[in-house]
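Asker: This is query06.txt, which holds compact mmCIF, C-alpha atoms:
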# COMPACT_ATOMS: atom_id res chain seq x y z
CA LEU A 25 20.37 143.44 118.20
CA THR A 26 19.74 144.12 121.89
CA PRO A 27 16.57 145.77 123.28
CA TYR A 28 18.50 148.97 124.05
CA ARG A 29 19.89 149.15 120.51
CA ALA A 30 16.48 148.37 119.03
CA GLN A 31 14.99 151.28 120.96
CA LYS A 32 17.76 153.71 119.99
CA LEU A 33 17.68 152.60 116.35
CA VAL A 34 13.96 153.22 116.03
CA GLU A 35 14.21 156.56 117.86
CA HIS A 36 17.01 157.68 115.52
CA VAL A 37 15.17 156.70 112.33
CA LYS A 38 11.90 158.27 113.51
CA ARG A 39 13.74 161.44 114.44
CA GLU A 40 15.68 161.75 111.18
CA THR A 41 12.98 160.69 108.69
CA ASN A 42 9.25 160.82 108.16
CA LEU A 43 9.16 157.23 106.95
CA PRO A 44 7.40 154.34 108.70
CA VAL A 45 9.79 151.96 110.50
CA HIS A 46 9.43 148.21 109.90
CA LEU A 47 11.40 145.96 112.27
CA HIS A 48 12.17 142.30 111.50
CA CYS A 49 13.77 140.13 114.21
CA HIS A 50 14.45 136.41 114.48
CA TYR A 51 13.80 134.69 117.80
CA ILE A 52 17.15 132.89 117.60
CA GLY A 53 18.76 134.35 120.75
CA GLY A 54 15.51 134.79 122.69
CA MET A 55 15.69 138.59 122.79
CA ALA A 56 13.37 139.35 119.87
CA PRO A 57 10.21 139.83 122.01
CA MET A 58 12.08 142.33 124.22
CA ASN A 59 13.46 144.04 121.13
CA TYR A 60 9.94 144.40 119.81
CA LEU A 61 8.57 145.80 123.07
CA LYS A 62 11.31 148.43 123.33
CA ALA A 63 10.93 149.28 119.63
CA ILE A 64 7.15 149.65 120.10
CA GLU A 65 7.73 152.05 122.96
CA ALA A 66 10.06 154.01 120.66
CA GLY A 67 7.36 154.30 117.99
CA VAL A 68 8.01 151.49 115.53
CA ASP A 69 5.21 151.13 112.98
CA ILE A 70 5.43 147.46 111.91
CA ILE A 71 6.89 144.32 113.45
CA ASP A 72 7.11 140.83 111.94
CA THR A 73 5.72 137.80 113.80
CA ALA A 74 4.64 134.23 112.98
CA ALA A 75 1.78 131.99 114.05
CA ALA A 76 2.86 129.99 117.11
CA PRO A 77 3.32 126.61 115.30
CA LEU A 78 5.72 128.32 112.88
CA ALA A 79 7.43 130.63 115.37
CA PHE A 80 10.52 130.59 117.64
CA GLY A 81 13.90 129.04 116.83
CA ASN A 82 15.16 130.61 113.61
CA SER A 83 11.73 132.08 112.93
CA GLN A 84 10.04 135.16 114.40
CA PRO A 85 8.37 135.55 117.81
CA ALA A 86 4.81 134.23 118.05
CA THR A 87 2.04 136.61 117.02
CA GLU A 88 -0.11 135.43 119.91
CA MET A 89 2.67 136.23 122.42
CA ILE A 90 3.09 139.82 121.25
CA VAL A 91 -0.66 140.48 120.95
CA ALA A 92 -1.24 139.18 124.50
CA ALA A 93 1.67 141.23 125.88
CA LEU A 94 0.29 144.45 124.38
CA LYS A 95 -3.29 143.90 125.54
CA ASP A 96 -4.71 146.73 127.71
CA THR A 97 -1.70 148.96 126.95
CA PRO A 98 -1.55 152.11 124.77
CA TYR A 99 -0.07 149.85 122.07
CA ASP A 100 -2.91 147.29 122.07
CA SER A 101 -3.11 145.76 118.56
CA ARG A 102 -6.85 145.09 119.01
CA LEU A 103 -6.41 141.80 117.16
CA ASP A 104 -8.81 138.99 118.12
CA LEU A 105 -6.69 136.54 120.12
CA GLU A 106 -9.25 133.74 119.75
CA ALA A 107 -9.21 134.15 115.96
CA LEU A 108 -5.41 134.02 116.05
CA TYR A 109 -5.63 130.74 117.97
CA ASP A 110 -7.93 129.35 115.26
CA ILE A 111 -5.30 130.24 112.68
CA ALA A 112 -2.62 128.64 114.86
CA ASP A 113 -4.68 125.44 115.13
CA TYR A 114 -4.80 125.23 111.33
CA PHE A 115 -1.04 125.64 110.92
CA GLU A 116 -0.39 123.21 113.78
CA GLN A 117 -2.21 120.53 111.76
CA VAL A 118 -0.20 121.46 108.65
CA ARG A 119 3.04 121.32 110.64
CA SER A 120 2.19 117.94 112.11
CA LYS A 121 1.05 116.35 108.84
CA ARG A 122 4.05 117.62 106.90
CA GLY A 123 6.48 116.41 109.55
CA PHE A 124 8.01 119.84 110.29
CA GLN A 125 9.70 120.32 113.64
CA ARG A 126 8.74 123.07 116.07
CA GLY A 127 11.05 126.06 116.34
CA VAL A 128 13.37 125.59 119.31
CA THR A 129 16.12 127.90 120.51
CA SER A 130 19.19 125.82 121.30
CA LEU A 131 22.35 126.72 123.19
CA THR A 132 24.03 127.31 119.82
CA HIS A 133 21.31 129.81 118.97
CA MET A 134 21.67 131.53 122.33
CA LYS A 135 25.34 132.16 121.54
CA VAL A 136 24.31 134.57 118.78
CA SER A 137 25.67 137.46 120.87
CA SER A 138 29.07 135.78 120.49
CA HIS A 139 29.08 134.38 116.94
CA GLN A 140 26.85 137.18 115.55
CA VAL A 141 25.20 134.87 113.01
CA PRO A 142 21.59 135.96 112.30
CA GLY A 143 18.72 133.47 112.33
CA GLY A 144 18.20 133.32 108.57
CA MET A 145 21.87 132.56 108.08
CA ILE A 146 21.76 129.81 110.73
CA SER A 147 19.00 128.12 108.69
CA ASN A 148 21.15 128.24 105.55
CA LEU A 149 24.15 126.83 107.41
CA GLU A 150 22.10 123.95 108.77
CA SER A 151 20.87 123.17 105.26
CA GLN A 152 24.38 123.36 103.78
CA LEU A 153 25.92 121.15 106.45
CA LYS A 154 23.08 118.64 106.15
CA ASP A 155 23.71 118.40 102.39
CA GLN A 156 27.40 117.83 103.14
CA HIS A 157 26.59 115.15 105.75
CA ALA A 158 28.40 117.29 108.31
CA LEU A 159 25.72 118.73 110.58
CA ASP A 160 27.91 117.80 113.55
CA ARG A 161 30.40 120.49 112.46
CA MET A 162 27.99 123.39 113.14
CA VAL A 163 29.87 124.57 116.24
CA ASP A 164 33.15 124.64 114.28
CA VAL A 165 31.53 126.64 111.48
CA LEU A 166 30.04 129.17 113.90
CA GLU A 167 33.51 129.68 115.38
CA GLU A 168 34.99 130.08 111.89
CA ILE A 169 32.50 132.69 110.63
CA PRO A 170 33.76 135.61 112.79
CA LYS A 171 37.33 134.80 111.71
CA VAL A 172 36.43 134.82 108.03
CA ARG A 173 34.38 137.99 108.42
CA ALA A 174 37.27 139.81 110.15
CA GLU A 175 39.77 138.66 107.50
CA VAL A 176 37.68 140.08 104.63
CA GLY A 177 36.86 143.46 106.13
CA TYR A 178 33.75 142.85 108.28
CA PRO A 179 31.03 142.67 105.59
CA PRO A 180 27.49 142.84 107.01
CA LEU A 181 25.96 139.38 107.42
CA VAL A 182 22.99 140.04 105.15
CA THR A 183 22.17 138.55 101.75
CA PRO A 184 24.22 137.94 99.64
CA LEU A 185 27.31 138.51 101.81
CA SER A 186 26.03 136.27 104.61
CA GLN A 187 25.86 133.40 102.11
CA ILE A 188 29.37 134.16 100.80
CA VAL A 189 30.96 134.40 104.24
CA GLY A 190 29.03 131.43 105.61
CA THR A 191 29.88 129.19 102.67
CA GLN A 192 33.57 130.11 102.92
CA ALA A 193 33.51 129.20 106.61
CA VAL A 194 31.87 125.84 105.81
CA ILE A 195 34.49 125.11 103.14
CA ASN A 196 37.35 126.09 105.47
CA VAL A 197 36.04 123.71 108.14
CA LEU A 198 35.18 120.77 105.89
CA THR A 199 38.43 120.85 103.90
CA GLY A 200 40.57 121.35 107.00
CA LYS A 201 42.63 123.88 105.03
CA ARG A 202 41.67 127.50 105.47
CA TRP A 203 41.30 129.41 102.20
CA ALA A 204 42.33 126.36 100.14
CA VAL A 205 39.07 126.50 98.13
CA ILE A 206 37.66 129.94 97.37
CA PRO A 207 34.26 130.37 95.63
CA GLY A 208 34.05 132.81 92.74
CA GLU A 209 31.66 135.02 94.70
CA MET A 210 34.22 135.50 97.48
CA LYS A 211 36.83 136.45 94.88
CA ALA A 212 34.38 138.94 93.36
CA TYR A 213 33.70 140.51 96.77
CA VAL A 214 37.39 140.85 97.66
CA LYS A 215 38.08 142.28 94.20
CA GLY A 216 35.50 144.98 94.88
CA LEU A 217 32.69 143.86 92.61
CA TYR A 218 30.23 144.03 95.53
CA GLY A 219 31.49 147.48 96.54
CA LYS A 220 34.14 148.57 99.00
CA ALA A 221 34.62 146.47 102.12
CA PRO A 222 33.60 148.25 105.36
CA GLY A 223 36.95 147.57 107.02
CA PRO A 224 40.53 146.58 106.17
CA MET A 225 41.21 143.05 104.96
CA ALA A 226 43.97 140.77 106.22
CA PRO A 227 46.76 141.36 103.65
CA GLU A 228 47.80 137.70 103.41
CA VAL A 229 44.19 136.56 102.86
CA GLU A 230 43.52 139.28 100.28
CA LYS A 231 46.69 138.32 98.41
CA ARG A 232 45.75 134.63 98.40
CA ILE A 233 42.22 135.31 97.17
CA LEU A 234 43.18 137.74 94.41
CA ASN A 235 46.11 135.54 93.27
CA GLY A 236 47.88 138.31 91.38
CA GLU A 237 44.79 140.24 90.26
CA GLU A 238 44.29 143.85 91.30
CA PRO A 239 41.15 145.07 93.07
CA ILE A 240 39.00 147.39 91.00
CA LYS A 241 39.31 151.15 91.52
CA CYS A 242 35.99 152.19 89.98
CA ARG A 243 32.30 151.78 90.70
CA PRO A 244 31.40 148.12 89.93
CA GLY A 245 28.54 149.15 87.64
CA GLU A 246 30.99 150.88 85.31
CA LEU A 247 32.43 147.49 84.34
CA VAL A 248 29.14 146.16 82.99
CA THR A 249 29.27 146.02 79.19
CA GLU A 250 26.18 143.93 78.39
CA THR A 251 22.93 145.74 77.64
CA PHE A 252 19.35 144.81 78.39
CA GLU A 253 18.74 144.38 74.67
CA GLN A 254 21.63 141.92 74.34
CA MET A 255 20.34 139.83 77.23
CA ALA A 256 16.82 139.85 75.80
CA GLU A 257 18.13 138.70 72.41
CA GLU A 258 20.13 135.85 74.00
CA LEU A 259 17.12 134.68 76.00
CA GLY A 260 14.79 134.91 73.01
CA ASP A 261 11.18 133.83 73.35
CA LEU A 262 11.84 132.32 76.78
CA ALA A 263 11.52 135.83 78.21
CA ARG A 264 7.96 136.83 79.03
CA THR A 265 8.71 139.85 81.22
CA ASP A 266 11.49 142.36 81.86
CA GLU A 267 12.13 140.56 85.15
CA ASP A 268 12.98 137.39 83.20
CA VAL A 269 15.64 139.28 81.26
CA ILE A 270 17.11 140.85 84.40
CA SER A 271 17.18 137.47 86.13
CA TYR A 272 18.99 136.03 83.11
CA ALA A 273 21.58 138.82 83.23
CA LEU A 274 22.31 137.99 86.87
CA PHE A 275 21.99 134.18 86.76
CA PRO A 276 22.12 133.01 83.13
CA LYS A 277 22.35 129.24 83.62
CA GLU A 278 19.78 128.98 86.40
CA THR A 279 17.32 131.38 84.73
CA ARG A 280 17.46 129.63 81.37
CA GLU A 281 16.89 126.23 82.99
CA TYR A 282 13.99 127.56 85.06
CA LEU A 283 12.29 129.29 82.13
CA GLU A 284 12.68 126.22 79.90
CA LEU A 285 11.05 124.04 82.56
CA HIS A 286 8.41 126.69 83.20
CA ARG A 287 7.50 126.74 79.54
CA GLU A 288 7.13 122.97 79.55
CA GLY A 289 4.84 123.02 82.56
CA ALA A 290 7.28 121.73 85.15
CA GLU A 291 5.05 122.98 87.97
CA LYS A 292 2.82 119.93 87.43
CA ALA A 293 5.78 117.63 88.04
CA VAL A 294 7.08 119.35 91.17
CA PHE A 295 6.69 117.14 94.20
CA MET A 296 3.59 117.90 96.29
CA MET A 297 2.60 120.88 94.09
CA SER A 298 -0.45 121.90 92.02
CA GLU A 299 -2.49 118.88 90.87
CA GLU A 300 -0.68 116.47 93.18
CA ILE A 301 -1.84 118.45 96.21
CA ASP A 302 -5.41 117.89 95.02
CA ALA A 303 -4.63 114.18 94.82
CA VAL A 304 -3.45 113.86 98.39
CA LYS A 305 -5.31 116.43 100.43
CA GLU A 306 -8.38 116.01 102.60
CA ASP A 307 -9.69 112.40 102.71
CA GLY A 308 -6.98 111.09 100.42
CA TYR A 309 -4.17 112.70 102.38
CA MET A 310 -0.81 110.92 102.58
CA ASP A 311 1.61 113.21 104.37
CA VAL A 312 5.23 113.89 103.57
CA SER A 313 6.52 112.12 106.66
CA GLN A 314 5.05 108.85 105.36
CA ILE A 315 6.78 109.33 102.03
CA ARG A 316 10.07 110.13 103.77
CA GLU A 317 9.77 106.83 105.61
CA LEU A 318 9.25 105.03 102.30
CA VAL A 319 12.36 106.65 100.85
CA GLN A 320 14.42 105.70 103.91
CA LEU A 321 13.09 102.13 103.78
CA LEU A 322 14.01 101.87 100.10
CA ASP A 323 17.52 103.21 100.69
CA ALA A 324 18.12 100.68 103.48
CA SER A 325 16.97 97.67 101.44
CA ASP A 326 17.86 95.80 98.27
CA VAL A 327 14.43 96.59 96.82
CA ASN A 328 14.43 98.98 93.85
CA GLU A 329 10.82 100.17 93.92
CA ILE A 330 7.93 100.47 96.39
CA THR A 331 4.33 101.31 95.45
CA VAL A 332 1.73 102.07 98.11
CA GLU A 333 -2.00 102.74 97.63
CA GLU A 334 -3.91 104.57 100.34
CA GLY A 335 -7.14 106.52 100.26
CA GLY A 336 -7.34 106.48 96.47
CA VAL A 337 -3.77 107.72 96.09
CA THR A 338 -0.85 105.79 94.62
CA ILE A 339 2.67 106.66 95.78
CA SER A 340 5.54 105.14 93.80
CA VAL A 341 9.14 105.42 95.04
CA ARG A 342 12.06 104.27 92.91
CA LYS A 343 15.76 104.22 93.53
CA GLY A 344 17.62 106.74 91.41
CA MET A 345 20.93 106.27 89.67
CA ALA A 346 24.10 106.15 91.75
CA GLY A 347 24.56 109.45 93.53
CA GLU A 348 20.98 110.55 92.95
CA SER A 349 18.10 110.62 95.39
CA ALA A 350 15.09 108.36 95.16
CA GLN A 351 12.36 109.38 92.71
CA VAL A 352 8.82 109.87 93.97
CA SER A 353 5.64 110.13 91.93
CA VAL A 354 2.02 110.57 92.99
CA ALA A 355 -1.16 109.67 91.12
CA LYS A 356 -4.88 109.50 91.79
CA ALA A 357 -6.73 106.20 91.72
CA GLY A 358 -6.98 104.79 88.20
CA GLU A 359 -3.93 106.70 86.96
CA THR A 360 -0.36 105.53 86.57
CA ALA A 361 2.17 106.85 89.03
CA SER A 362 5.02 107.54 86.63
CA ALA A 363 8.61 108.15 87.59
CA ALA A 364 11.80 108.72 85.70
CA PRO A 365 13.33 105.56 84.24
CA GLN A 366 15.40 103.63 86.69
CA GLY A 367 19.10 103.88 86.02
CA GLU A 368 21.24 100.87 85.36
CA ALA A 369 22.85 99.44 88.44
CA SER A 370 26.38 100.72 88.91
CA VAL A 371 29.02 98.00 89.01
CA ALA A 372 32.04 98.45 91.23
CA VAL A 373 35.29 97.55 89.51
CA GLU A 374 38.75 97.17 90.88
CA ASP A 375 40.92 100.23 90.39
CA ALA A 376 43.63 99.68 87.82
CA GLU A 377 47.12 99.63 89.20
CA ARG A 378 48.72 103.04 89.07
CA PRO A 379 52.33 104.13 89.49
CA THR A 380 53.22 104.66 93.14
CA ASN A 381 54.20 108.28 92.53
CA TRP A 382 50.74 109.30 91.29
CA ARG A 383 48.69 111.30 93.77
CA ALA A 384 44.93 111.68 94.07
CA ILE A 385 42.93 114.91 94.19
CA ALA A 386 39.78 114.25 96.19
CA ALA A 387 36.52 116.17 96.38
CA PRO A 388 36.66 118.42 99.45
CA MET A 389 32.85 118.48 99.67
CA VAL A 390 29.68 116.97 98.27
CA GLY A 391 28.72 118.62 95.00
CA THR A 392 28.43 118.41 91.22
CA PHE A 393 31.65 118.09 89.22
CA TYR A 394 32.13 120.32 86.16
CA ARG A 395 35.19 120.06 83.92
CA ALA A 396 34.69 123.46 82.27
CA PRO A 397 34.00 126.97 83.60
CA ALA A 398 30.78 127.26 81.56
CA PRO A 399 28.61 125.18 79.22
CA GLY A 400 30.33 124.89 75.84
CA ALA A 401 33.67 126.17 77.16
CA ASP A 402 36.92 124.20 76.94
CA PRO A 403 37.72 121.99 79.96
CA PHE A 404 40.11 123.35 82.55
CA VAL A 405 42.51 120.44 81.96
CA GLU A 406 42.95 117.32 79.88
CA VAL A 407 44.94 114.17 80.57
CA GLY A 408 48.60 114.92 79.94
CA ASP A 409 48.34 118.64 80.74
CA ALA A 410 51.04 120.14 82.92
CA VAL A 411 49.57 122.21 85.75
CA THR A 412 51.03 124.70 88.20
CA GLU A 413 50.28 125.15 91.89
CA GLY A 414 46.89 126.80 92.34
CA GLN A 415 45.80 126.28 88.72
CA SER A 416 42.07 125.58 88.41
CA LEU A 417 41.28 121.97 87.58
CA CYS A 418 37.49 121.85 87.82
CA ILE A 419 34.43 123.36 89.48
CA LEU A 420 32.39 121.78 92.24
CA GLU A 421 28.92 123.29 92.44
CA ALA A 422 28.00 123.04 96.10
CA MET A 423 26.07 125.08 98.65
CA LYS A 424 24.64 127.24 95.85
CA LEU A 425 28.11 128.45 94.84
CA MET A 426 30.64 127.51 92.17
CA ASN A 427 33.86 126.42 93.88
CA GLU A 428 37.01 126.13 91.79
CA ILE A 429 39.31 123.29 92.84
CA GLY A 430 42.98 124.07 92.27
CA ALA A 431 46.16 122.02 92.01
CA GLU A 432 48.08 121.75 95.27
CA GLU A 433 51.43 121.51 93.50
CA GLU A 434 53.06 121.44 90.10
CA GLY A 435 52.56 118.26 88.12
CA VAL A 436 50.94 116.47 85.16
CA ILE A 437 47.32 115.29 85.02
CA ARG A 438 47.34 111.52 84.44
CA GLU A 439 43.71 110.54 84.91
CA ILE A 440 40.30 112.25 85.14
CA CYS A 441 38.11 109.97 87.25
CA VAL A 442 34.69 111.63 87.05
CA ASP A 443 32.39 112.43 84.13
CA ASP A 444 31.32 116.00 83.56
CA ALA A 445 28.19 117.19 85.41
CA THR A 446 28.33 114.17 87.74
CA PRO A 447 27.42 114.28 91.47
CA VAL A 448 30.39 113.44 93.70
CA GLN A 449 30.71 112.60 97.37
CA TYR A 450 33.12 113.97 99.94
CA GLY A 451 36.52 112.32 99.52
CA GLU A 452 35.75 110.86 96.07
CA THR A 453 38.79 110.92 93.77
CA LEU A 454 38.49 113.49 90.96
CA PHE A 455 41.95 113.34 89.37
CA TYR A 456 45.23 111.53 89.57
CA TYR A 457 48.35 113.55 88.84
CA GLU A 458 52.09 112.94 88.75
CA PRO A 459 54.04 115.50 90.81
CA ALA A 460 56.78 117.38 88.99
CA SER A 461 59.33 116.68 91.69
What's the structure tokens form of this structure?
Answerer:
Amino acid sequence: LTPYRAQKLVEHVKRETNLPVHLHCHYIGGMAPMNYLKAIEAGVDIIDTAAAPLAFGNSQPATEMIVAALKDTPYDSRLDLEALYDIADYFEQVRSKRGFQRGVTSLTHMKVSSHQVPGGMISNLESQLKDQHALDRMVDVLEEIPKVRAEVGYPPLVTPLSQIVGTQAVINVLTGKRWAVIPGEMKAYVKGLYGKAPGPMAPEVEKRILNGEEPIKCRPGELVTETFEQMAEELGDLARTDEDVISYALFPKETREYLELHREGAEKAVFMMSEEIDAVKEDGYMDVSQIRELVQLLDASDVNEITVEEGGVTISVRKGMAGESAQVSVAKAGETASAAPQGEASVAVEDAERPTNWRAIAAPMVGTFYRAPAPGADPFVEVGDAVTEGQSLCILEAMKLMNEIGAEEEGVIREICVDDATPVQYGETLFYYEPAS
């Protein structure tokens, strides 16, 4: 969004409707303050800002900046700048103690006018790439996003389509094979389950994604057969509100897990939440950056557990099982800092000799390996099964999406190397198969 477009957009909406206009801009490309000023001149009613310690970068422009810029103008907010600075001082201390970085607009951010990736989406991409140990591939992903977006009909980069397009771009870059792994959500979008695409799709990409299926010709809502009552019956006494039932209809697995934990009081066990905040705040404060250092120290050593007492607070950090992160627990003085039981040490064993014609199928990304499409369902494949090119072999849950991994060629599955629901690393062998030819 440029200042000129912001002005014209607000003028158009104000002219055509009697509704208040609320404008939300990220600072990412540095133009947000100018967008706000032009929108204010055009009559915008509300703009979003953030306290200076939490502003800039992928966040919003600083409140203090906008208030100062409007002072002594017809658009003066009449907010007390000194009071705003007091608020900023508070959040600056929170930012510093929690180890959060200041918002900074980088050259990559400034290129937003080229890659057209909004600030909120940039944050998600950074998180995804960090989880995949591939933050250095950000430039490649930003170059890939416009290509993916053009190939699937130029969907708007807003939730949830920004996540779908962004994740597909990440997968294309990390696997090195464009459109080799396609998340179910991308298939649903191309099929029409998110509505009609704004523009035409690349025929070869559409054909590859649909894999013989036909796009829908009706309104997506007409295909829904489940009723609210059915969902409520399935969820049972876990549902406390109508919103719980609706959430379950949209995200059954995640909602059930959340509500089960919620019922058991999981909030008390969430790191740095509820009672644990009381244990570490004020005089007994031990900030998150200190705990991060403990975790890093543990990971780099042969020690399995570290316990530190400071200011009446006990912090216990234990190594998790292979593939899991360290476990952290917090307790007040006189209490026991409990953590999940430590897993047995994994023992590396020599791979058994395999026939020279067997080929490996490796994980194209970091994620969680699932043998079946849903809990309780039959596995995609068993040892000895013949598979065809493109046939689904498993699911890798990564970057908040379920990604089906398909066979690259016809063959027979000879070995399944990973247990169900197990975390896997990039490049880890999932299957061995014997090619048909």
Asker: Check the smallest atom-to-atom distance from each of A:Arg102, A:Glu167, A:Gly391, A:Val34 to Lys424 in chain A using only C-alpha atoms, then report the winner.
Answerer: A:Gly391
Asker: Which is closest to Glu88 in chain A among A:Gly67, A:Pro180, A:Pro44, A:Pro57, if we use all atoms listed in the file?
Answerer: A:Pro57
Asker: With distances taken over only C-alpha atoms, which of A:Ile440, A:Ala76, A:Val176, A:Ile206 is nearest to Arg395 in chain A?
Answerer: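 Closest residue, counting only C-alpha atoms: A:Ile440.
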Asker: Skip Ala263 in chain A itself and residues of its chain fewer than 5 positions away, then list as a PyMOL selection string all residues within 10 Å of it, counting only C-alpha atoms.
Answerer: chain A and resi 255-258+268-272+279-280+283-284
Asker: Mind giving me the straight-line distance from CA of Arg378 in chain A to CA of Asp443 in chain A in Å, one decimal?
Answerer: 19.5 Å
Asker: Need to verify the contact set: range 400-410 of chain A, 7 Å, only C-alpha atoms, exclusion of same-chain residues closer than 4 positions in sequence. Can you return it as an mmCIF file with C-alpha atoms, in the coordinates of the input?
Answerer:
data_model
loop_
_atom_site.group_PDB
_atom_site.id
_atom_site.type_symbol
_atom_site.label_atom_id
_atom_site.label_comp_id
_atom_site.auth_asym_id
_atom_site.auth_seq_id
_atom_site.Cartn_x
_atom_site.Cartn_y
_atom_site.Cartn_z
ATOM 1 C CA ARG A 395 35.190 120.060 83.920
ATOM 2 C CA ALA A 396 34.690 123.460 82.270
ATOM 3 C CA SER A 416 42.070 125.580 88.410
ATOM 4 C CA LEU A 417 41.280 121.970 87.580
ATOM 5 C CA CYS A 418 37.490 121.850 87.820
ATOM 6 C CA GLY A 435 52.560 118.260 88.120
ATOM 7 C CA VAL A 436 50.940 116.470 85.160
ATOM 8 C CA ILE A 437 47.320 115.290 85.020
ATOM 9 C CA ARG A 438 47.340 111.520 84.440
ATOM 10 C CA GLU A 439 43.710 110.540 84.910
ATOM 11 C CA ILE A 440 40.300 112.250 85.140
#
Asker: Restricting the calculation to only C-alpha atoms, which member of A:Glu65, A:Glu421, A:Glu432, A:Glu150 is positioned closest to Leu94 in chain A?
Answerer: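 The closest residue to Leu94 in chain A is A:Glu65.
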Asker: For the atom pair CA of Met145 in chain A and CA of Val165 in chain A, what is the interatomic distance in Å to one decimal place?
Answerer: 11.8 Å
Asker: My list of candidates is A:Ile146, A:Ala63, A:Leu234, A:Ile240. Which is closest to Val182 in chain A when distances are computed with only C-alpha atoms?
Answerer: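 For Val182 in chain A, the nearest of the given residues is A:Ile146.
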Asker: Nearest residue to Trp203 in chain A out of A:Gly451, A:Gly430, A:Pro276, A:Pro459, using only C-alpha atoms?
Answerer: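 Ranking A:Gly451, A:Gly430, A:Pro276, A:Pro459 by distance to Trp203 in chain A, first place goes to A:Gly430.
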Asker: Quick one: everything within 12 Å of Pro224 in chain A, counting all atoms listed in the file, minus sequence neighbours fewer than 6 positions away in the same chain. Send it as a list in words.
Answerer: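 What passes the distance filter is Arg173, Ala174, Glu175, Val176, Gly177, Tyr178, Pro179, Val214 and Glu230 of chain A.
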Asker: Determine, counting all atoms listed in the file, which protein, DNA and RNA residues have an atom within 9 Å of an atom of Gln152 in chain A; residues of the same chain fewer than 4 positions away are not included. Present the result as JSON, numbers by chain.
Answerer: {"A": [147, 148, 156, 157, 158, 159, 191, 194, 422, 423, 424]}
Asker: Could you state the separation of CA of Ile70 in chain A and CA of Gly53 in chain A in Å, given to one decimal place?
Answerer: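 That distance, rounded to one decimal, is 20.7 Å.
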Asker: Need the shell around Val205 in chain A: protein/DNA/RNA residues with any atom at most 8 Å away, counting only C-alpha atoms. Skip same-chain ones fewer than 2 positions apart. Format as a VMD selection string?
Answerer: chain A and resid 195 to 196 202 to 203 207 427 to 430
Asker: List the residues sitting within 9 Å of (29.5, 133.6, 111.0) in the file's frame, using only C-alpha atoms, as number ranges by chain.
Answerer: A: 139-142, 145-146, 165-173, 181, 186, 189-190, 193
